[in-house]
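Since the structure comes first, as structure tokens, the remarks are kept for the end.
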Amino acid sequence: MEKVEVNKKFLWGMATSAYQIEGAVEGRGESIWDRFAQRPGNILDGSRATIACDHFRRFQEDVALLADLGLNAYRFSVSWPRIQPDGTARSHSERGIDFYNKLVDALLSKGIIPLVTLYHWELPQSLEDLGGWKNRDTARRFEEFSSVVARALSDRVHHWITVNEPRVVVELGYRDGIHAPGYREKPATLRQVAHHLLLAHGLAARAVRQESGQSAQIGLADNCAIKIPFSSSLEDVAATRSAWRQDNEPWLDPIFKGVYPQDSHPAVMAGDMNVISTPLDFYGLNVYHGVRVRASPAKWELVNFPTSHPRTTMGWPVVPECVYHGLMDLHDVYHPRSILMTETGAAFRDTVDSRGKVHDPDRIAFLESYLTQGFRAKKEGVPLTGVLVWSLMDNFEWERGYTQRFGLVYVDYPTQRRIPKSSARWFRDYRRKTQ
């Protein structure tokens with residue numbers, strides 16, 4: 001491994017989301033994912049997140065795992081319906097607030113920095129019944145929720161992520177119907193849903209800033225559509241940047257410039273763009289894979305990876321250079337103050353051997369190659385300030401149920417036993433070598 005040197009403020013951590021790990025559904029309101037999972041055929045293995053990893057009851061054990069692995073950061077999300085069962089200020093759960101207070105205190109007692117995600121796809125079903133993200137009012141309800149959470153935690157939490165992957169909410173939840181709430185909407189509706197999500201992001205950023213003051217570090221987590229040049233030719237490089245702009249400007253121009261591209265304009269009310277373009281302290285980039293692009297008579301075209309190309313069990317190609325190009329394009333075009341890799345990781349077929357160990361050399365190779373490309377970009381001037389691996393432990397992988405294992409810690413679901421995989425120890429040692 002090439003020597004990597006970062007300062008002591010660099011964040012080394014892992015990430016999770018509430019719905020995927022917490023369980024304890026009796027302690028919160030119904031979410032859109034609860035309703036979605038009830039419909040036959042929506043979840044690959046027919047499972048639900050009723051128990052998941054039982055993190056709600058086992059969080060102390062999980063925090064101890066993070067500490068044992070020598071990490072200094074942990075990204076988790078707050079379940080909106082656990083705090084506000086009906087999604088509004090009318091309902092308020094002290095038990096929910098108490099849980100996250102205890103989690104934050106446990107992390108800080110181990111010297112672990114908490115990074116709180118406010119929306120990781122867990123919309124209260126009661127708000128969906130009123131139109132969900134098709135309803136502009138949902139953004140205002142999210143602003144209220146964000147204020148409640150910031151008021152409770154901001155004396156100890158200083159890193160905030162407003163919304164996780166808003167484009168996934170739109171594309172998989174409202175266009176393709178394979179995520180909750182499971183719609184197949186027309187383009188005009190999709191543009192409006194995207195606008196409401198971006199508006200919610202901006203309103204939440206302002207709400208957190210108002211409750212937290214200047215100590216807050218605020219961003220969002222986005223899975224930019226990453227493009228990789230098919231070759232180093234000037235033509236392919238230019239075509240790749242053109243393709244990158246086409247796919248990312250509808251999301252990034254509003255955030256960084258306060259405008260929409262001319263061909264992707266939703267209905268906008270006065271003041272919306274100022275809210276959406278509220279200045280951020282960092283931009284979170286979720287990086288898993290990318291697509292190759294080359295020049296063509298039509299300006300650019302995609303080049304598929306061969307069927308023999310290495311892939312994860314999600315079917316995603318293993319493409320380490322996507323990290324470098326994803327970071328460089330974001331930095332070159334929009335110049336964020338800092339960039340945090342808020343997710344990167346891979347699912348593989350992990351099994352427990354006869355000695356009770358889980359060896360995952362494919363994941364180690366994946367992480368080492370992806371991190372190498374991240375630090376390559378950092379050396380070339382990208383303000384990379386941290387890396388958060390997805391995920392701390394195996395969990396409920398949305399429409400795939402429990403068929404995919406992303407964790408660096410293996411979870412035996414019937415017993416809830418946690419087993420750190422070889423990759424967990426590797427990541428601990430990798431971090432130590434940077435100090």
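Chain labels run A, B, ... following the order of the structure tokens; each chain numbers its residues from 1, and ligands are numbered from 1 in the order shown.
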Report task. Pick out the residues sitting within 10 Å of Gly27 of chain A, and hand them over as a list in words; count only C-alpha atoms, and ignore anything fewer than 5 positions along from it in its own chain. Result -> Phe56, Pro81, Arg82, Ile83, Pro85, Ser93, Arg95 and Gly96 of chain A
Can you list every residue of segment 66-185 of chain A that has an atom at most 12 Å from segment 3-15 of chain A, with its nearest atom pair and the distance in Å to one decimal, using only C-alpha atoms, ordered by chain then number, as JSON lines?
```
{"residue": "A:Leu66", "atom": "CA", "partner": "A:Met14", "partner_atom": "CA", "distance": 8.2}
{"residue": "A:Ala67", "atom": "CA", "partner": "A:Gly13", "partner_atom": "CA", "distance": 10.2}
{"residue": "A:Leu69", "atom": "CA", "partner": "A:Gly13", "partner_atom": "CA", "distance": 9.4}
{"residue": "A:Gly70", "atom": "CA", "partner": "A:Trp12", "partner_atom": "CA", "distance": 8.8}
{"residue": "A:Leu71", "atom": "CA", "partner": "A:Gly13", "partner_atom": "CA", "distance": 5.3}
{"residue": "A:Asn72", "atom": "CA", "partner": "A:Trp12", "partner_atom": "CA", "distance": 5.7}
{"residue": "A:Ala73", "atom": "CA", "partner": "A:Gly13", "partner_atom": "CA", "distance": 4.4}
{"residue": "A:Tyr74", "atom": "CA", "partner": "A:Gly13", "partner_atom": "CA", "distance": 5.2}
{"residue": "A:Arg75", "atom": "CA", "partner": "A:Ala15", "partner_atom": "CA", "distance": 4.5}
{"residue": "A:Phe76", "atom": "CA", "partner": "A:Ala15", "partner_atom": "CA", "distance": 5.9}
{"residue": "A:Ser77", "atom": "CA", "partner": "A:Ala15", "partner_atom": "CA", "distance": 8.8}
{"residue": "A:Leu107", "atom": "CA", "partner": "A:Gly13", "partner_atom": "CA", "distance": 11.9}
{"residue": "A:Gly111", "atom": "CA", "partner": "A:Gly13", "partner_atom": "CA", "distance": 11.9}
{"residue": "A:Ile112", "atom": "CA", "partner": "A:Gly13", "partner_atom": "CA", "distance": 8.7}
{"residue": "A:Ile113", "atom": "CA", "partner": "A:Leu11", "partner_atom": "CA", "distance": 8.3}
{"residue": "A:Pro114", "atom": "CA", "partner": "A:Gly13", "partner_atom": "CA", "distance": 9.6}
{"residue": "A:Leu115", "atom": "CA", "partner": "A:Ala15", "partner_atom": "CA", "distance": 8.9}
{"residue": "A:Val116", "atom": "CA", "partner": "A:Ala15", "partner_atom": "CA", "distance": 9.9}
{"residue": "A:Thr117", "atom": "CA", "partner": "A:Ala15", "partner_atom": "CA", "distance": 9.8}
{"residue": "A:His120", "atom": "CA", "partner": "A:Ala15", "partner_atom": "CA", "distance": 11.4}
{"residue": "A:His159", "atom": "CA", "partner": "A:Leu11", "partner_atom": "CA", "distance": 11.0}
{"residue": "A:Ile161", "atom": "CA", "partner": "A:Ala15", "partner_atom": "CA", "distance": 11.9}
{"residue": "A:Asn164", "atom": "CA", "partner": "A:Ala15", "partner_atom": "CA", "distance": 11.6}
```
Query raised in the report: What's the 10 Å shell around segment 382-389 of chain A, counting only C-alpha atoms, without same-chain residues fewer than 6 positions away, as a count of residues only?
Result: 48
Report task. Looking only at strand (DSSP E) from DSSP on the backbone, list the matching residues of segment 30-104 of chain A as a ChimeraX atom specification. Result -> /A:73-77
Requested in this report: Measuring atom to atom with only C-alpha atoms, identify which of A:Asn42, A:Ser369, A:Gln435, A:Ser154 is nearest to Ile218 of chain A.
Outcome: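 Once distances to Ile218 of chain A are computed over only C-alpha atoms, the minimum belongs to A:Ser154.
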Report task. Based on DSSP run over this structure's backbone, return all residues of segment 107-231 of chain A in alpha helix (DSSP H), as a VMD selection string. Result -> chain A and resid 107 to 109 125 to 128 137 to 153 166 to 168 187 to 212
**Report entry** Shortest interatomic distance to Glu128 of chain A - which of A:Ala180, A:Ile276, A:Cys53, A:Leu392, counting only C-alpha atoms
**Finding:**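 Distance minimum relative to Glu128 of chain A lands on A:Ala180.
Here atom CA of Ile419 of chain A is placed at a distance of 17.5 Å from atom CA of Thr403 of chain A.
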Report task. Identify, on the basis of only C-alpha atoms, every residue whose closest approach to Gly182 of chain A does not exceed 8 Å; exclude the query and any residue fewer than 4 positions from it along the same chain; express the result as a list of chain:residue names. Result ->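 Returned residues: A:Phe36, A:Leu172, A:Gly173, A:Tyr174, A:Asp176, A:Gly177, A:Ile178.
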